[in-house]
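Coordinates from start_24.cif are shown below (mmCIF, C-alpha atoms).
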```
data_entry
#
loop_
_atom_site.group_PDB
_atom_site.id
_atom_site.type_symbol
_atom_site.label_atom_id
_atom_site.label_comp_id
_atom_site.auth_asym_id
_atom_site.auth_seq_id
_atom_site.Cartn_x
_atom_site.Cartn_y
_atom_site.Cartn_z
ATOM 1 C CA MET A 1 83.478 6.029 89.840
ATOM 2 C CA THR A 2 80.422 4.368 88.381
ATOM 3 C CA HIS A 3 78.381 5.694 85.493
ATOM 4 C CA SER A 4 75.548 6.570 87.897
ATOM 5 C CA GLU A 5 77.721 9.041 89.807
ATOM 6 C CA PRO A 6 77.999 12.679 88.723
ATOM 7 C CA PRO A 7 81.108 13.776 86.823
ATOM 8 C CA LEU A 8 84.184 14.762 88.745
ATOM 9 C CA ASP A 9 84.851 18.404 89.516
ATOM 10 C CA VAL A 10 88.611 17.870 89.288
ATOM 11 C CA LEU A 11 90.729 15.068 87.860
ATOM 12 C CA THR A 12 94.500 15.312 88.220
ATOM 13 C CA ILE A 13 97.029 13.164 86.389
ATOM 14 C CA GLY A 14 100.633 12.573 87.352
ATOM 15 C CA ARG A 15 103.070 12.226 90.211
ATOM 16 C CA SER A 16 102.226 10.543 93.462
ATOM 17 C CA GLY A 17 104.350 9.053 96.192
ATOM 18 C CA VAL A 18 105.447 9.467 99.763
ATOM 19 C CA ASP A 19 107.025 12.615 101.201
ATOM 20 C CA LEU A 20 109.442 11.859 104.023
ATOM 21 C CA TYR A 21 109.990 15.282 105.538
ATOM 22 C CA PRO A 22 112.360 15.993 108.438
ATOM 23 C CA LEU A 23 110.798 16.918 111.738
ATOM 24 C CA GLN A 24 113.900 18.997 112.425
ATOM 25 C CA THR A 25 114.562 22.205 110.512
ATOM 26 C CA GLY A 26 117.773 24.017 109.758
ATOM 27 C CA VAL A 27 119.904 20.862 109.503
ATOM 28 C CA GLY A 28 120.970 18.664 106.599
ATOM 29 C CA LEU A 29 119.528 15.220 106.004
ATOM 30 C CA GLU A 30 122.755 13.660 107.254
ATOM 31 C CA ASP A 31 121.904 15.019 110.713
ATOM 32 C CA VAL A 32 118.136 14.431 110.719
ATOM 33 C CA THR A 33 116.923 11.605 112.975
ATOM 34 C CA THR A 34 113.122 11.826 112.701
ATOM 35 C CA PHE A 35 110.855 12.141 109.687
ATOM 36 C CA GLY A 36 107.145 12.519 109.074
ATOM 37 C CA LYS A 37 105.475 10.471 106.350
ATOM 38 C CA PHE A 38 102.962 12.264 104.115
ATOM 39 C CA LEU A 39 101.122 11.759 100.850
ATOM 40 C CA GLY A 40 103.033 13.586 98.124
ATOM 41 C CA GLY A 41 103.425 14.374 94.442
ATOM 42 C CA SER A 42 102.479 17.756 92.990
ATOM 43 C CA PRO A 43 99.228 16.886 91.133
ATOM 44 C CA THR A 44 98.188 14.655 94.026
ATOM 45 C CA ASN A 45 98.664 17.581 96.411
ATOM 46 C CA VAL A 46 96.560 19.741 94.091
ATOM 47 C CA ALA A 47 93.856 17.073 94.300
ATOM 48 C CA VAL A 48 94.004 17.140 98.106
ATOM 49 C CA ALA A 49 93.714 20.934 98.062
ATOM 50 C CA ALA A 50 90.662 20.811 95.784
ATOM 51 C CA ALA A 51 89.038 18.099 97.904
ATOM 52 C CA ARG A 52 89.611 20.171 101.055
ATOM 53 C CA LEU A 53 87.728 22.967 99.323
ATOM 54 C CA GLY A 54 84.695 20.753 98.829
ATOM 55 C CA HIS A 55 85.083 19.300 95.348
ATOM 56 C CA ARG A 56 84.622 15.827 93.912
ATOM 57 C CA VAL A 57 88.155 14.820 93.009
ATOM 58 C CA ALA A 58 90.040 11.829 91.598
ATOM 59 C CA VAL A 59 93.698 11.183 90.825
ATOM 60 C CA LEU A 60 95.013 9.162 87.896
ATOM 61 C CA THR A 61 98.488 7.944 88.802
ATOM 62 C CA GLY A 62 100.614 4.854 89.316
ATOM 63 C CA VAL A 63 102.008 3.275 92.478
ATOM 64 C CA GLY A 64 104.047 0.198 93.228
ATOM 65 C CA ASP A 65 102.670 -3.013 94.677
ATOM 66 C CA ASP A 66 104.260 -2.251 98.020
ATOM 67 C CA PRO A 67 103.431 -0.807 101.462
ATOM 68 C CA PHE A 68 104.004 2.772 100.324
ATOM 69 C CA GLY A 69 101.647 2.218 97.402
ATOM 70 C CA ARG A 70 99.001 1.014 99.838
ATOM 71 C CA PHE A 71 99.674 4.075 101.989
ATOM 72 C CA VAL A 72 99.220 6.413 99.012
ATOM 73 C CA ARG A 73 95.852 4.934 98.102
ATOM 74 C CA ARG A 74 94.625 4.896 101.697
ATOM 75 C CA ALA A 75 95.746 8.494 102.228
ATOM 76 C CA MET A 76 93.869 9.562 99.103
ATOM 77 C CA ARG A 77 90.689 7.958 100.405
ATOM 78 C CA ASP A 78 91.201 9.567 103.800
ATOM 79 C CA PHE A 79 91.312 12.959 102.065
ATOM 80 C CA GLY A 80 88.085 12.169 100.224
ATOM 81 C CA ILE A 81 89.753 11.506 96.870
ATOM 82 C CA ASP A 82 88.557 8.801 94.484
ATOM 83 C CA ASP A 83 91.472 6.364 94.069
ATOM 84 C CA SER A 84 89.758 4.062 91.581
ATOM 85 C CA HIS A 85 91.986 5.279 88.742
ATOM 86 C CA VAL A 86 95.268 4.519 90.535
ATOM 87 C CA VAL A 87 97.206 1.929 88.530
ATOM 88 C CA VAL A 88 99.361 -0.574 90.423
ATOM 89 C CA VAL A 89 102.679 -1.248 88.649
ATOM 90 C CA PRO A 90 104.042 -4.449 90.196
ATOM 91 C CA ASP A 91 107.675 -4.211 89.066
ATOM 92 C CA LEU A 92 108.398 -0.716 90.410
ATOM 93 C CA HIS A 93 108.543 0.802 93.865
ATOM 94 C CA THR A 94 106.356 3.706 94.937
ATOM 95 C CA PRO A 95 108.684 6.727 94.902
ATOM 96 C CA VAL A 96 109.753 8.616 97.999
ATOM 97 C CA THR A 97 110.863 12.228 98.219
ATOM 98 C CA PHE A 98 112.994 13.810 100.925
ATOM 99 C CA CYS A 99 113.487 17.502 101.542
ATOM 100 C CA GLU A 100 115.719 19.661 103.665
ATOM 101 C CA ILE A 101 114.134 22.593 105.455
ATOM 102 C CA PHE A 102 116.126 25.802 105.772
ATOM 103 C CA PRO A 103 113.555 28.590 106.243
ATOM 104 C CA PRO A 104 112.681 31.025 104.844
ATOM 105 C CA ASP A 105 113.639 30.141 101.266
ATOM 106 C CA HIS A 106 115.898 27.104 100.905
ATOM 107 C CA PHE A 107 114.171 23.730 100.613
ATOM 108 C CA PRO A 108 116.252 21.237 98.582
ATOM 109 C CA LEU A 109 114.342 18.225 97.257
ATOM 110 C CA TRP A 110 115.720 14.729 96.797
ATOM 111 C CA PHE A 111 113.629 12.524 94.490
ATOM 112 C CA TYR A 112 114.029 8.737 94.690
ATOM 113 C CA ARG A 113 112.391 7.731 91.398
ATOM 114 C CA ALA A 114 115.142 5.858 89.523
ATOM 115 C CA PRO A 115 115.182 4.222 87.065
ATOM 116 C CA THR A 116 111.588 5.382 86.616
ATOM 117 C CA ALA A 117 108.438 5.807 88.655
ATOM 118 C CA PRO A 118 105.060 4.058 88.418
ATOM 119 C CA ASP A 119 103.306 7.336 87.562
ATOM 120 C CA LEU A 120 105.538 7.663 84.485
ATOM 121 C CA GLN A 121 104.434 4.207 83.356
ATOM 122 C CA LEU A 122 100.826 5.247 82.783
ATOM 123 C CA ARG A 123 99.811 4.004 79.333
ATOM 124 C CA PRO A 124 97.224 5.399 76.923
ATOM 125 C CA GLU A 125 94.984 2.433 77.728
ATOM 126 C CA ASP A 126 95.051 3.428 81.410
ATOM 127 C CA ILE A 127 93.271 6.705 80.636
ATOM 128 C CA PRO A 128 89.609 6.604 81.770
ATOM 129 C CA LEU A 129 88.315 8.459 78.736
ATOM 130 C CA ASP A 130 84.826 9.153 80.078
ATOM 131 C CA ALA A 131 86.153 10.521 83.375
ATOM 132 C CA VAL A 132 88.703 12.686 81.565
ATOM 133 C CA ARG A 133 86.147 14.008 79.102
ATOM 134 C CA ASP A 134 83.425 14.640 81.677
ATOM 135 C CA ALA A 135 85.465 16.165 84.521
ATOM 136 C CA THR A 136 84.795 19.869 84.847
ATOM 137 C CA LEU A 137 88.518 20.542 85.282
ATOM 138 C CA LEU A 138 91.513 18.442 84.248
ATOM 139 C CA TRP A 139 94.896 19.239 85.840
ATOM 140 C CA ILE A 140 98.117 17.848 84.374
ATOM 141 C CA THR A 141 101.775 18.693 84.902
ATOM 142 C CA ALA A 142 104.694 19.033 82.518
ATOM 143 C CA THR A 143 106.509 16.278 84.400
ATOM 144 C CA GLY A 144 104.028 13.785 82.974
ATOM 145 C CA LEU A 145 105.407 14.606 79.512
ATOM 146 C CA ALA A 146 109.003 13.792 80.476
ATOM 147 C CA GLU A 147 109.089 10.187 79.268
ATOM 148 C CA GLU A 148 107.103 7.431 77.638
ATOM 149 C CA PRO A 149 104.604 5.895 78.050
ATOM 150 C CA SER A 150 103.349 8.692 80.321
ATOM 151 C CA ARG A 151 103.711 11.287 77.586
ATOM 152 C CA SER A 152 101.476 9.345 75.193
ATOM 153 C CA ALA A 153 98.989 8.776 78.025
ATOM 154 C CA HIS A 154 98.803 12.523 78.650
ATOM 155 C CA LEU A 155 98.326 13.221 74.944
ATOM 156 C CA THR A 156 95.504 10.674 74.922
ATOM 157 C CA ALA A 157 93.872 12.522 77.810
ATOM 158 C CA LEU A 158 94.206 15.846 75.999
ATOM 159 C CA ASP A 159 92.663 14.285 72.887
ATOM 160 C CA ALA A 160 89.703 13.195 75.007
ATOM 161 C CA ARG A 161 89.330 16.709 76.411
ATOM 162 C CA ALA A 162 89.255 18.226 72.911
ATOM 163 C CA GLY A 163 89.895 21.713 74.261
ATOM 164 C CA ARG A 164 87.302 21.701 77.034
ATOM 165 C CA ARG A 165 87.354 24.959 78.908
ATOM 166 C CA PHE A 166 89.136 24.047 82.132
ATOM 167 C CA THR A 167 92.107 22.003 80.958
ATOM 168 C CA ALA A 168 95.033 23.171 83.071
ATOM 169 C CA LEU A 169 98.779 22.607 82.668
ATOM 170 C CA ASP A 170 101.129 23.163 85.588
ATOM 171 C CA LEU A 171 104.445 23.988 83.907
ATOM 172 C CA ASP A 172 106.150 22.192 86.837
ATOM 173 C CA TYR A 173 109.764 21.999 85.626
ATOM 174 C CA ARG A 174 112.006 19.618 87.618
ATOM 175 C CA PRO A 175 115.419 19.439 85.898
ATOM 176 C CA SER A 176 116.241 15.965 87.224
ATOM 177 C CA PHE A 177 113.266 14.496 85.343
ATOM 178 C CA TRP A 178 114.432 15.663 81.910
ATOM 179 C CA PRO A 179 117.493 15.033 79.737
ATOM 180 C CA GLY A 180 117.735 18.791 79.230
ATOM 181 C CA GLU A 181 115.802 22.039 79.075
ATOM 182 C CA GLN A 182 115.288 21.821 75.337
ATOM 183 C CA SER A 183 113.373 18.552 75.594
ATOM 184 C CA ALA A 184 111.138 20.064 78.266
ATOM 185 C CA HIS A 185 110.587 23.165 76.140
ATOM 186 C CA GLU A 186 109.595 21.112 73.102
ATOM 187 C CA ALA A 187 107.232 18.863 75.068
ATOM 188 C CA VAL A 188 105.463 21.798 76.695
ATOM 189 C CA ARG A 189 105.194 23.766 73.450
ATOM 190 C CA GLU A 190 103.537 20.747 71.855
ATOM 191 C CA VAL A 191 100.647 20.813 74.320
ATOM 192 C CA LEU A 192 100.161 24.516 75.066
ATOM 193 C CA GLY A 193 97.652 24.825 72.240
ATOM 194 C CA ARG A 194 95.629 21.984 73.765
ATOM 195 C CA VAL A 195 95.161 23.413 77.260
ATOM 196 C CA THR A 196 93.193 26.457 78.363
ATOM 197 C CA VAL A 197 95.052 27.366 81.565
ATOM 198 C CA ALA A 198 98.824 27.457 82.121
ATOM 199 C CA VAL A 199 100.421 28.050 85.522
ATOM 200 C CA GLY A 200 104.114 28.429 86.289
ATOM 201 C CA ASN A 201 106.830 30.371 88.054
ATOM 202 C CA LEU A 202 109.371 32.513 86.243
ATOM 203 C CA GLU A 203 111.870 29.701 85.672
ATOM 204 C CA GLU A 204 109.141 27.389 84.376
ATOM 205 C CA CYS A 205 107.915 30.113 82.027
ATOM 206 C CA ARG A 206 111.476 30.592 80.752
ATOM 207 C CA VAL A 207 111.738 26.894 79.941
ATOM 208 C CA ALA A 208 108.266 26.789 78.396
ATOM 209 C CA VAL A 209 108.247 29.942 76.269
ATOM 210 C CA GLY A 210 111.710 31.488 76.609
ATOM 211 C CA GLU A 211 110.554 34.554 78.543
ATOM 212 C CA THR A 212 111.417 35.665 82.088
ATOM 213 C CA ASP A 213 109.600 38.996 82.108
ATOM 214 C CA PRO A 214 106.201 38.182 83.675
ATOM 215 C CA ASP A 215 104.077 40.067 81.133
ATOM 216 C CA ARG A 216 106.015 38.800 78.143
ATOM 217 C CA ALA A 217 105.815 35.260 79.513
ATOM 218 C CA ALA A 218 102.053 35.554 80.000
ATOM 219 C CA ASP A 219 101.642 37.014 76.514
ATOM 220 C CA ALA A 220 103.680 34.168 75.009
ATOM 221 C CA LEU A 221 101.497 31.603 76.763
ATOM 222 C CA LEU A 222 98.358 33.337 75.466
ATOM 223 C CA GLU A 223 99.802 33.443 71.968
ATOM 224 C CA ALA A 224 100.474 29.702 72.211
ATOM 225 C CA GLY A 225 96.758 29.157 72.704
ATOM 226 C CA VAL A 226 95.867 29.204 76.402
ATOM 227 C CA GLU A 227 92.981 31.353 77.654
ATOM 228 C CA LEU A 228 94.435 32.123 81.104
ATOM 229 C CA ALA A 229 98.133 32.495 81.920
ATOM 230 C CA VAL A 230 99.167 32.589 85.577
ATOM 231 C CA VAL A 231 102.754 33.606 86.326
ATOM 232 C CA LYS A 232 103.979 33.182 89.897
ATOM 233 C CA GLN A 233 106.667 35.725 90.762
ATOM 234 C CA GLY A 234 107.557 34.839 94.358
ATOM 235 C CA PRO A 235 108.025 38.129 96.251
ATOM 236 C CA GLY A 236 106.590 39.910 93.207
ATOM 237 C CA GLY A 237 103.209 38.269 93.710
ATOM 238 C CA VAL A 238 101.128 36.655 90.973
ATOM 239 C CA LEU A 239 100.226 37.864 87.507
ATOM 240 C CA GLY A 240 97.084 36.560 85.854
ATOM 241 C CA LYS A 241 96.373 37.457 82.267
ATOM 242 C CA THR A 242 93.713 36.711 79.691
ATOM 243 C CA ARG A 243 93.262 38.330 76.298
ATOM 244 C CA SER A 244 91.084 41.011 77.917
ATOM 245 C CA GLU A 245 92.259 41.290 81.532
ATOM 246 C CA ARG A 246 95.465 41.739 83.520
ATOM 247 C CA VAL A 247 95.561 41.247 87.293
ATOM 248 C CA VAL A 248 98.525 41.433 89.676
ATOM 249 C CA VAL A 249 98.075 40.206 93.238
ATOM 250 C CA PRO A 250 100.747 40.858 95.901
ATOM 251 C CA PRO A 251 102.029 37.957 98.007
ATOM 252 C CA THR A 252 100.156 37.134 101.205
ATOM 253 C CA PRO A 253 102.542 37.736 104.119
ATOM 254 C CA VAL A 254 103.185 34.743 106.376
ATOM 255 C CA ARG A 255 106.116 33.315 108.316
ATOM 256 C CA VAL A 256 107.453 30.602 105.995
ATOM 257 C CA LEU A 257 108.254 27.222 107.530
ATOM 258 C CA ASN A 258 108.390 25.054 104.385
ATOM 259 C CA GLY A 259 107.783 26.612 100.987
ATOM 260 C CA LEU A 260 107.351 23.217 99.296
ATOM 261 C CA GLY A 261 103.716 22.518 98.494
ATOM 262 C CA ALA A 262 102.726 26.175 98.472
ATOM 263 C CA GLY A 263 102.388 26.049 94.691
ATOM 264 C CA ASP A 264 100.142 22.998 94.962
ATOM 265 C CA GLY A 265 97.958 24.745 97.526
ATOM 266 C CA PHE A 266 97.807 27.663 95.095
ATOM 267 C CA GLY A 267 96.858 25.255 92.296
ATOM 268 C CA GLY A 268 94.032 23.601 94.189
ATOM 269 C CA ALA A 269 92.667 26.991 95.192
ATOM 270 C CA LEU A 270 92.965 28.216 91.604
ATOM 271 C CA CYS A 271 90.840 25.228 90.582
ATOM 272 C CA HIS A 272 88.314 26.233 93.246
ATOM 273 C CA GLY A 273 88.028 29.794 91.983
ATOM 274 C CA LEU A 274 87.639 28.665 88.383
ATOM 275 C CA LEU A 275 84.983 26.122 89.321
ATOM 276 C CA GLU A 276 83.098 28.690 91.395
ATOM 277 C CA GLY A 277 83.138 31.187 88.530
ATOM 278 C CA TRP A 278 84.874 33.875 90.552
ATOM 279 C CA ALA A 279 86.431 36.983 89.061
ATOM 280 C CA LEU A 280 90.112 36.610 88.226
ATOM 281 C CA ARG A 281 91.281 38.939 91.007
ATOM 282 C CA ARG A 282 89.287 37.132 93.681
ATOM 283 C CA THR A 283 90.526 33.785 92.401
ATOM 284 C CA LEU A 284 94.192 34.826 92.498
ATOM 285 C CA GLU A 285 93.898 36.482 95.912
ATOM 286 C CA PHE A 286 92.314 33.332 97.296
ATOM 287 C CA ALA A 287 94.938 31.112 95.664
ATOM 288 C CA SER A 288 97.777 33.294 96.958
ATOM 289 C CA ALA A 289 96.435 33.093 100.504
ATOM 290 C CA ALA A 290 95.958 29.321 100.258
ATOM 291 C CA GLY A 291 99.543 28.899 99.103
ATOM 292 C CA ALA A 292 100.779 31.095 101.926
ATOM 293 C CA ILE A 293 99.010 28.925 104.503
ATOM 294 C CA VAL A 294 100.743 25.818 103.144
ATOM 295 C CA ALA A 295 104.105 27.611 103.240
ATOM 296 C CA SER A 296 103.563 28.308 106.928
ATOM 297 C CA ARG A 297 103.206 24.582 107.702
ATOM 298 C CA LEU A 298 105.696 21.711 107.666
ATOM 299 C CA GLU A 299 103.959 19.183 105.435
ATOM 300 C CA CYS A 300 102.367 19.541 101.992
ATOM 301 C CA SER A 301 99.255 17.409 101.427
ATOM 302 C CA SER A 302 97.821 17.540 104.945
ATOM 303 C CA ALA A 303 98.671 21.262 105.122
ATOM 304 C CA MET A 304 96.078 22.148 102.489
ATOM 305 C CA PRO A 305 93.606 24.646 103.973
ATOM 306 C CA THR A 306 89.834 24.786 104.115
ATOM 307 C CA GLU A 307 87.942 27.701 102.611
ATOM 308 C CA ALA A 308 87.297 29.099 106.093
ATOM 309 C CA GLU A 309 91.027 29.105 106.863
ATOM 310 C CA VAL A 310 91.823 30.924 103.616
ATOM 311 C CA ASP A 311 89.064 33.484 104.185
ATOM 312 C CA ALA A 312 90.364 34.099 107.719
ATOM 313 C CA LEU A 313 93.912 34.772 106.510
ATOM 314 C CA MET A 314 92.648 37.089 103.780
ATOM 315 C CA ALA A 315 90.601 39.028 106.334
ATOM 316 C CA GLN A 316 93.619 39.232 108.621
ATOM 317 C CA ALA A 317 95.803 40.521 105.783
ATOM 318 C CA ARG A 318 93.203 43.152 104.847
ATOM 319 C CA ALA A 319 92.954 44.309 108.465
ATOM 320 C CA ALA A 320 96.728 44.594 108.783
ATOM 321 C CA GLU A 321 96.896 46.574 105.555
ATOM 322 C CA ALA A 322 94.167 48.922 106.771
ATOM 323 C CA ASP A 323 96.000 49.475 110.078
ATOM 324 C CA TRP A 324 99.216 50.208 108.254
#
```
What do you get writing this file as structure tokens?
Amino acid sequence: MTHSEPPLDVLTIGRSGVDLYPLQTGVGLEDVTTFGKFLGGSPTNVAVAAARLGHRVAVLTGVGDDPFGRFVRRAMRDFGIDDSHVVVVPDLHTPVTFCEIFPPDHFPLWFYRAPTAPDLQLRPEDIPLDAVRDATLLWITATGLAEEPSRSAHLTALDARAGRRFTALDLDYRPSFWPGEQSAHEAVREVLGRVTVAVGNLEECRVAVGETDPDRAADALLEAGVELAVVKQGPGGVLGKTRSERVVVPPTPVRVLNGLGAGDGFGGALCHGLLEGWALRRTLEFASAAGAIVASRLECSSAMPTEAEVDALMAQARAAEADW
């Protein structure tokens, strides 16, 4: 991005890599013979979702100097994402992630990121301070706080934001990335007062603020300093809470093929609603429907829907509800 270009709508920081997902469902990896190769990594998927919804988007991440790293950057460009902030780390391989697909609700993930991943080697000096400061919305994940130097890089980005309105933290707890829950809890608590939006499921809220009741979890996030707390409850729908408003949105019914990536589709659509200035209920309904569409598809990044697709599913759901 040059100085003559307008600021980004969305900048995400964190994981990127290659998803190698089985083209057969209902069997373990030991029996799978064919895989599809897709762009992956939670904040990168959120970036794809936001780009699909018409926004100017960039990703700050790290990749290896290898064929998969070249694939990641090319795939970003193909999705309309600015890849100029992708750092190439020559001594590490671009990570790959495998999953197993047992619909409707069992999707084990296998991360190949040892001993570390290029995205966790982002340094404070890799942070494009102007882009971070000027982006309308910054999206980070808790995983980026799991080890150094990435943690210091994220804190540098938050310093540059200085509490700008749309600074979002995906609570994104992956146990294998942390030495233990307590370290994740402490890292998240340190930054909650420096973000304005926090998004997580019930387990992630438990790790972050010690609460599993949706309302108590949302209240704890608000008390920690965020302006909007979004608690994803699976079959219980989504709770969104500010200091003056409480909204619960039921799940959007779909036939689930692969639930992985649904949260990222939700995240990108949440960004869209915030950027468009929508009411909280409309934003969460739209995000829920976007996530449901991703859950009904095999892949993650390339499954992200357009606004027309989300609107069509929402209209279909309303019609079915009216008939019932």
- the PyMOL selection byres ((chain A and resi 308) around 12) on the file shown: which residues, as number ranges by chain? A: 52-54, 286, 289-290, 293, 304-307, 309-315
- Query: What does the distance between atom CA of A:Val191 and atom CA of A:Arg174 come to in Å, to one decimal place?
  - Reply: 17.5 Å
- Item | Residue IDs satisfying the PyMOL selection byres ((chain A and resi 124) around 12), as JSON, numbers by chain | {"A": [60, 120, 121, 122, 123, 125, 126, 127, 128, 129, 148, 149, 150, 151, 152, 153, 154, 155, 156, 157, 158, 159, 160]}
- Shell around stretch 255-269 of chain A at 9 Å using all atoms listed in the file, local window under 6 positions removed, as a ChimeraX atom specification: /A:25,40,42-53,99,101-107,109,170,199-200,232,283-284,286-301,303-305,307
- Query: Looking at only C-alpha atoms, which of A:Val209, A:Ile140, A:Val230, A:Leu11 is the one that sits closest to A:Arg194?
  - Reply: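 Closest residue, counting only C-alpha atoms: A:Ile140.
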- Task: Give as JSON, numbers by chain the residues that the PyMOL selection byres ((chain A and resi 189) around 12) matches when applied to the coordinates above.
- Result: {"A": [142, 145, 169, 171, 182, 183, 184, 185, 186, 187, 188, 190, 191, 192, 193, 194, 195, 198, 205, 206, 207, 208, 209, 210, 220, 221, 222, 223, 224, 225, 226]}
Write the residues of the preceding selection, restricted to C-alpha atoms, as a JSON list (two decimals), in the frame of the given file.
```json
[["chain", "number", "residue", "atom", "x", "y", "z"],
["A", 142, "ALA", "CA", 104.69, 19.03, 82.52],
["A", 145, "LEU", "CA", 105.41, 14.61, 79.51],
["A", 169, "LEU", "CA", 98.78, 22.61, 82.67],
["A", 171, "LEU", "CA", 104.44, 23.99, 83.91],
["A", 182, "GLN", "CA", 115.29, 21.82, 75.34],
["A", 183, "SER", "CA", 113.37, 18.55, 75.59],
["A", 184, "ALA", "CA", 111.14, 20.06, 78.27],
["A", 185, "HIS", "CA", 110.59, 23.16, 76.14],
["A", 186, "GLU", "CA", 109.60, 21.11, 73.10],
["A", 187, "ALA", "CA", 107.23, 18.86, 75.07],
["A", 188, "VAL", "CA", 105.46, 21.80, 76.69],
["A", 190, "GLU", "CA", 103.54, 20.75, 71.86],
["A", 191, "VAL", "CA", 100.65, 20.81, 74.32],
["A", 192, "LEU", "CA", 100.16, 24.52, 75.07],
["A", 193, "GLY", "CA", 97.65, 24.82, 72.24],
["A", 194, "ARG", "CA", 95.63, 21.98, 73.76],
["A", 195, "VAL", "CA", 95.16, 23.41, 77.26],
["A", 198, "ALA", "CA", 98.82, 27.46, 82.12],
["A", 205, "CYS", "CA", 107.92, 30.11, 82.03],
["A", 206, "ARG", "CA", 111.48, 30.59, 80.75],
["A", 207, "VAL", "CA", 111.74, 26.89, 79.94],
["A", 208, "ALA", "CA", 108.27, 26.79, 78.40],
["A", 209, "VAL", "CA", 108.25, 29.94, 76.27],
["A", 210, "GLY", "CA", 111.71, 31.49, 76.61],
["A", 220, "ALA", "CA", 103.68, 34.17, 75.01],
["A", 221, "LEU", "CA", 101.50, 31.60, 76.76],
["A", 222, "LEU", "CA", 98.36, 33.34, 75.47],
["A", 223, "GLU", "CA", 99.80, 33.44, 71.97],
["A", 224, "ALA", "CA", 100.47, 29.70, 72.21],
["A", 225, "GLY", "CA", 96.76, 29.16, 72.70],
["A", 226, "VAL", "CA", 95.87, 29.20, 76.40]]
```
- What lies within 6 Å of A:Gly14 using only C-alpha atoms, ignoring chain neighbours under 2 positions off, as a list of chain:residue names?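 Using only C-alpha atoms, the neighbours found are A:Pro43, A:Thr61, A:Asp119, A:Gly144.
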- Message: Quick check, in Å to one decimal: how far apart do atom CA of A:Pro95 and atom CA of A:Asp66 lie?
- Response: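 Spanning atom CA of A:Pro95 to atom CA of A:Asp66 is a straight-line distance of 10.5 Å.
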Extract, using all atoms listed in the file, all DNA, RNA and protein residues at most 12 Å from A:Ser244, discarding same-chain residues fewer than 4 positions from it, and format them as a PDB file with C-alpha atoms, in the frame of the given file.
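Written out: out_8.pdb:
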```pdb
ATOM      1  CA  ASP A 219     101.642  37.014  76.514  1.00  0.00           C
ATOM      2  CA  LEU A 222      98.358  33.337  75.466  1.00  0.00           C
ATOM      3  CA  GLU A 227      92.981  31.353  77.654  1.00  0.00           C
ATOM      4  CA  LEU A 228      94.435  32.123  81.104  1.00  0.00           C
ATOM      5  CA  ALA A 229      98.133  32.495  81.920  1.00  0.00           C
ATOM      6  CA  GLY A 240      97.084  36.560  85.854  1.00  0.00           C
ATOM      7  CA  LEU A 280      90.112  36.610  88.226  1.00  0.00           C
TER       8      LEU A 280
END
```
- Query: Which one is closest to A:Leu8: A:Glu100, A:Asp31, A:Asp130, A:Glu204? Count only C-alpha atoms.
  - Reply: A:Asp130
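Contact shell of A:Ile81 at 7 Å (all atoms listed in the file; same-chain neighbours under 2 positions omitted): Ala51, Val57, Ala58, Met76, Arg77, Phe79 and Asp83 of chain A.
Across the model, the gap from atom CA of A:Gly69 to atom CA of A:His93 is 7.9 Å.
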- Task: Considering all atoms listed in the file, state which residue in the set A:Val254, A:Leu137, A:Val249, A:Leu29 is at the smallest distance from A:Leu275.
- Result: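 Distance minimum relative to A:Leu275 lands on A:Leu137.
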- Message: Let me make sure I understand: among A:Gly237, A:Pro108, A:Pro115, A:Gly41, which one has the smallest atom-to-atom distance to A:Val27 if we use only C-alpha atoms?
- Response: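 The shortest atom-to-atom distance to A:Val27 comes from A:Pro108.
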Output, as lines of an AutoDock Vina configuration file, the centre and edge lengths in Å (one decimal) of the axis-aligned box that contains all listed atoms of stretch 261-278 of chain A with 5 Å of margin on each side.
```
center_x = 93.4
center_y = 28.2
center_z = 93.4
size_x = 30.6
size_y = 21.4
size_z = 20.1
```
- Message: Please determine, counting all atoms listed in the file, which residue among A:Ala320, A:Val247, A:Ala146, A:Leu202 has the shortest atom-to-atom distance to A:Phe177.
- Response: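 The shortest atom-to-atom distance to A:Phe177 comes from A:Ala146.
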- Item | Which of A:Gly36, A:Gly17, A:Pro22, A:Gly180 sits closest to A:Phe68 [using only C-alpha atoms] |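 So, comparing all the options, the nearest one is A:Gly17.
Residues lying within 10 Å of A:Ala117, counting all atoms listed in the file and ignoring same-chain neighbours fewer than 6 positions away, are Arg15, Ser16, Gly17, Gly62, Val63, Gly64, Val89, Leu92, His93, Thr94, Pro95 and Val96 of chain A.
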